[in-house]
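Below: query05.cif (mmCIF, C-alpha atoms and all ligand atoms)
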```
data_start
#
loop_
_atom_site.label_atom_id
_atom_site.label_comp_id
_atom_site.auth_asym_id
_atom_site.auth_seq_id
_atom_site.Cartn_x
_atom_site.Cartn_y
_atom_site.Cartn_z
CA MET A 1 122.63 100.76 107.39
CA GLY A 2 119.31 99.11 108.17
CA PHE A 3 117.53 99.25 111.55
CA ALA A 4 114.83 96.67 112.17
CA HIS A 5 111.38 97.56 113.41
CA ASP A 6 109.77 95.42 116.06
CA TYR A 7 107.25 93.60 113.85
CA ALA A 8 104.69 93.33 116.66
CA GLU A 9 104.70 97.13 117.02
CA MET A 10 104.28 97.60 113.26
CA ASP A 11 101.62 94.95 112.79
CA GLY A 12 98.67 97.35 113.19
CA ALA A 13 100.03 100.03 110.84
CA PRO A 14 98.96 102.70 110.36
CA ASP A 15 98.34 103.20 114.09
CA ASP A 16 100.01 104.98 117.02
CA ASP A 17 102.19 101.99 117.93
CA ALA A 18 103.55 101.85 114.37
CA TYR A 19 104.16 105.58 114.34
CA ILE A 20 106.12 105.40 117.61
CA GLU A 21 108.11 102.41 116.38
CA VAL A 22 109.03 104.17 113.11
CA MET A 23 110.19 107.24 115.04
CA ARG A 24 112.14 105.01 117.45
CA GLN A 25 114.00 103.32 114.60
CA TYR A 26 114.66 106.59 112.78
CA ALA A 27 116.21 107.88 116.03
CA ARG A 28 118.36 104.76 116.35
CA ALA A 29 119.38 105.00 112.68
CA GLY A 30 120.23 108.69 113.05
CA ASN A 31 122.33 108.08 116.15
CA ALA A 32 124.28 105.29 114.48
CA ALA A 33 124.97 107.44 111.41
CA LYS A 34 126.11 110.30 113.62
CA HIS A 35 128.45 108.08 115.63
CA LEU A 36 129.95 106.48 112.53
CA ALA A 37 130.41 109.88 110.88
CA ASN A 38 132.13 111.17 114.03
CA TRP A 39 134.43 108.13 114.07
CA ILE A 40 135.42 108.71 110.43
CA GLN A 41 135.90 112.46 111.01
CA GLY A 42 138.18 111.62 113.92
CA ARG A 43 140.46 109.89 111.42
CA GLY A 44 140.73 113.01 109.28
CA HIS A 45 138.08 112.34 106.63
CA VAL A 46 134.96 114.18 105.58
CA ALA A 47 131.85 112.34 106.76
CA GLU A 48 128.20 113.23 107.17
CA GLY A 49 125.51 111.09 108.75
CA LYS A 50 122.08 111.10 107.11
CA VAL A 51 118.81 109.50 108.09
CA GLY A 52 115.70 108.94 106.02
CA PRO A 53 113.31 109.98 104.78
CA ASN A 54 114.61 113.56 104.30
CA THR A 55 118.15 113.23 102.99
CA ASP A 56 117.85 116.19 100.59
CA ASP A 57 120.95 115.59 98.48
CA VAL A 58 121.15 111.77 98.25
CA LEU A 59 118.54 109.25 97.17
CA MET A 60 118.94 106.73 99.95
CA ILE A 61 117.20 103.68 98.46
CA PRO A 62 119.28 103.47 95.23
CA ALA A 63 122.45 103.93 97.29
CA ALA A 64 121.37 101.21 99.73
CA ILE A 65 120.63 98.82 96.87
CA GLU A 66 124.09 99.44 95.40
CA ALA A 67 125.53 98.83 98.88
CA GLY A 68 123.95 95.36 99.00
CA LEU A 69 121.12 95.95 101.48
CA GLY A 70 118.56 94.31 99.20
CA GLU A 71 116.37 94.56 96.12
CA LEU A 72 113.73 97.13 95.21
CA GLY A 73 110.26 95.78 95.95
CA LYS A 74 106.98 96.54 94.26
CA HIS A 75 106.11 98.77 97.24
CA GLY A 76 109.06 101.06 96.40
CA SER A 77 111.06 100.04 99.47
CA ILE A 78 114.00 97.70 99.81
CA ILE A 79 113.49 94.00 100.52
CA ASN A 80 116.40 92.71 102.59
CA ARG A 81 117.08 88.97 102.71
CA GLU A 82 116.87 88.90 106.55
CA LEU A 83 114.63 91.79 107.56
CA GLY A 84 112.32 91.92 104.57
CA SER A 85 111.08 95.51 104.39
CA ASN A 86 110.60 95.87 108.12
CA PHE A 87 113.40 98.38 108.69
CA ARG A 88 114.57 101.99 108.31
CA LEU A 89 117.69 103.32 106.67
CA SER A 90 120.47 105.71 107.50
CA MET A 91 123.77 106.35 105.78
CA VAL A 92 127.12 108.11 105.96
CA THR A 93 128.61 109.92 102.99
CA THR A 94 132.38 110.22 103.17
CA ASP A 95 135.63 110.61 101.28
CA LEU A 96 137.08 107.70 103.26
CA PRO A 97 138.38 105.14 100.73
CA VAL A 98 136.24 102.01 101.11
CA ILE A 99 135.83 98.70 99.30
CA PRO A 100 132.34 98.80 97.74
CA ASP A 101 129.84 95.99 98.30
CA LYS A 102 127.77 94.55 95.46
CA PRO A 103 123.98 94.56 95.05
CA ASP A 104 122.40 91.50 96.69
CA VAL A 105 120.12 89.77 94.18
CA PHE A 106 118.29 86.87 95.83
CA GLY A 107 114.96 86.74 94.01
CA ALA A 108 112.84 89.46 95.60
CA ASP A 109 112.26 91.22 92.28
CA VAL A 110 111.13 87.97 90.65
CA PHE A 111 108.88 87.20 93.65
CA CYS A 112 107.18 90.60 93.31
CA GLU A 113 106.11 89.75 89.76
CA SER A 114 103.63 87.21 91.09
CA CYS A 115 102.67 88.88 94.38
CA GLN A 116 100.08 91.65 94.81
CA LEU A 117 99.81 91.83 98.60
CA CYS A 118 101.15 95.37 98.95
CA SER A 119 99.31 96.82 95.95
CA SER A 120 96.05 95.25 97.15
CA ALA A 121 96.55 96.49 100.73
CA CYS A 122 97.59 100.08 99.97
CA PRO A 123 94.64 102.27 101.09
CA PRO A 124 95.07 105.04 98.46
CA ASP A 125 95.96 102.52 95.71
CA ALA A 126 99.38 104.11 95.21
CA ILE A 127 101.37 100.98 94.29
CA PHE A 128 101.43 100.08 90.59
CA ARG A 129 100.91 96.39 89.98
CA GLU A 130 103.27 96.32 87.01
CA LYS A 131 106.65 97.95 86.50
CA GLN A 132 106.60 101.44 85.00
CA MET A 133 109.02 103.39 82.80
CA VAL A 134 110.70 105.85 85.19
CA ARG A 135 113.38 108.21 83.86
CA GLY A 136 114.36 105.73 81.14
CA GLU A 137 114.29 102.66 83.39
CA THR A 138 111.56 100.05 83.83
CA LYS A 139 111.06 99.54 87.57
CA TRP A 140 108.56 99.12 90.38
CA TYR A 141 106.89 102.43 91.07
CA VAL A 142 104.76 104.07 93.75
CA ASP A 143 102.61 107.12 93.06
CA PHE A 144 103.78 109.39 95.87
CA ASP A 145 101.07 111.93 95.00
CA LYS A 146 98.72 109.30 96.46
CA CYS A 147 100.99 107.80 99.14
CA VAL A 148 102.26 110.98 100.81
CA PRO A 149 98.86 112.63 101.50
CA TYR A 150 97.58 109.38 103.03
CA PHE A 151 100.81 109.06 105.03
CA VAL A 152 100.52 112.64 106.33
CA ASP A 153 96.81 112.36 107.17
CA ASN A 154 97.50 109.24 109.25
CA LYS A 155 100.83 110.47 110.72
CA THR A 156 102.42 107.30 109.31
CA CYS A 157 101.59 104.28 107.20
CA GLY A 158 104.00 101.45 106.37
CA LEU A 159 101.14 99.03 105.71
CA CYS A 160 102.92 97.90 102.53
CA LEU A 161 106.03 97.05 104.58
CA VAL A 162 104.06 95.00 107.08
CA VAL A 163 102.01 92.92 104.64
CA CYS A 164 105.09 92.04 102.59
CA PRO A 165 105.72 88.33 103.20
CA TRP A 166 109.47 88.93 103.38
CA SER A 167 108.89 91.12 106.47
CA ARG A 168 106.99 88.53 108.47
CA PRO A 169 109.10 86.95 111.22
CA GLY A 170 110.42 83.52 110.26
CA ILE A 171 109.22 83.60 106.65
CA ALA A 172 112.26 84.97 104.75
CA PRO A 173 114.47 81.83 105.08
CA ASN A 174 111.87 79.67 103.33
CA LEU A 175 111.30 82.27 100.62
CA LEU A 176 115.06 82.46 100.05
CA LYS A 177 115.20 78.70 99.49
CA LYS A 178 112.23 78.87 97.12
CA MET A 179 113.71 81.73 95.10
CA ALA A 180 117.17 80.15 94.96
CA LYS A 181 115.62 77.47 92.73
CA ARG A 182 114.10 80.07 90.39
CA ILE A 183 116.94 82.54 89.73
S1 LIG B 1 103.11 103.68 102.84
FE1 LIG B 1 100.88 103.25 102.86
S2 LIG B 1 100.02 104.68 101.39
FE2 LIG B 1 102.22 104.59 100.97
S3 LIG B 1 102.48 103.01 99.41
FE3 LIG B 1 102.72 101.99 101.40
S4 LIG B 1 100.64 101.24 101.92
FE4 LIG B 1 100.42 102.76 100.29
S1 LIG B 2 104.12 92.52 99.24
FE1 LIG B 2 104.64 91.14 97.54
S2 LIG B 2 104.65 92.43 95.72
FE2 LIG B 2 104.74 93.79 97.49
S3 LIG B 2 106.92 94.18 97.80
FE3 LIG B 2 106.38 92.46 99.12
S4 LIG B 2 106.79 90.62 97.88
FE4 LIG B 2 106.77 92.38 96.48
#
```

Output the file's structure in the form of C-alpha cells.
Amino acid sequence: MGFAHDYAEMDGAPDDDAYIEVMRQYARAGNAAKHLANWIQGRGHVAEGKVGPNTDDVLMIPAAIEAGLGELGKHGSIINRELGSNFRLSMVTTDLPVIPDKPDVFGADVFCESCQLCSSACPPDAIFREKQMVRGETKWYVDFDKCVPYFVDNKTCGLCLVVCPWSRPGIAPNLLKKMAKRI
C-alpha cells in the first residue's frame, strides 16, 4: 500500500516540515496495515502489518514492485504512475489466498536512463548514474553507506523523491503519454 506525502510539505526536504510529513505518512501507513491485518485475522487467517523502513524480514520495495505499485527508479525508490515517488509504503503478510497483481511497467525505468535529476541533487552523491550489478542482477543502485549517514545527520532526507519529475503534482500524466510512445 502506498500513502502519498503532501508535496508542499516535502518540497524543502531535508527540513523539519519534510521530516514531520514523512513521520505522518509512516503513521498513516502503519495504521492502515494494522487495520487490514486485524480484518484478515478476524476471518481466521494469519496476518501481520508492516511499515517501512524497518520491516526486518521482508524487503518491501521488491514486494511492492511485484504487487504492481510501480517501477524501481534510479533513486532506489518506487516510481508509481500516479504518485511518482512521493509516498511511503506499508504491507500485510498473510496466508489469506489472494489473486496476485502484476508489475506495472509504464516507462519509468526507460525514463531514468536519460534523467540525472536525483543523482545530481543527492548531497552525499549516493545515487549511481548507471545501473550496477547487484547480487547477479543489473539494476539501479544507491550506496546506502553514503545515504544513511546523511539521512541520520539531517533526521530525514527524501530530496531524491522530491526532485523526481514523476513526483511533481500534475506532471505524471504527461510523462505517461510520452513514455507510452517509447515502450
Ligand atoms: S535520501 Fe537523500 S541522501 Fe539518500 S539517496 Fe536520496 S537524496 Fe541521496
Ligand atoms: S529523478 Fe529522474 S533519474 Fe531519478 S528516479 Fe526520478 S526519473 Fe529516475

Next on the checklist: Give me, as a list in words, all polymer residues having an atom no more than 8 Å from stretch 115-119 of chain A, counting only C-alpha atoms and skipping those fewer than 2 positions away in the same chain.
Outcome noted: Lys74, His75, Phe111, Cys112, Glu113, Ala121, Cys122, Asp125, Ala126, Ile127, Phe128, Arg129, Leu159, Cys160, Leu161, Val163 and Cys164 of chain A

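Comparing A:Val22, A:Val152, A:Met1, A:Cys147 by their smallest distance to ligand LIG 1 (chain B), the closest is A:Cys147 (using all atoms listed in the file).
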
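By chain and then residue number, the residues within 10 Å of stretch 41-58 of chain A are A:Met1, A:Tyr26, A:Ala27, A:Arg28, A:Ala29, A:Gly30, A:Asn31, A:Ala32, A:Ala33, A:Lys34, A:His35, A:Leu36, A:Ala63, A:Arg88, A:Leu89, A:Ser90, A:Met91, A:Val92, A:Thr93, A:Thr94, A:Asp95, A:Leu96, A:Pro97, counting all atoms listed in the file and disregarding those fewer than 5 positions away in sequence.
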
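The coordinates place atom CA of A:Val142 at 10.9 Å from atom S3 of ligand LIG 2 (chain B).
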
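Using all atoms listed in the file, the nearest neighbour of A:Lys177 within the list A:Lys139, A:Lys102, A:Lys155, A:Arg81 is A:Arg81.
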
Please give the centre and size of the box around stretch 149-168 of chain A (axis-aligned, containing every atom listed in the file, 4 Å added per side), with values in Å to one decimal and written as lines of an AutoDock Vina configuration file.
```
center_x = 103.1
center_y = 100.5
center_z = 106.1
size_x = 20.7
size_y = 32.3
size_z = 17.2
```

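Here atom S1 of ligand LIG 1 (chain B) is placed at a distance of 13.3 Å from atom CA of A:Asp11.
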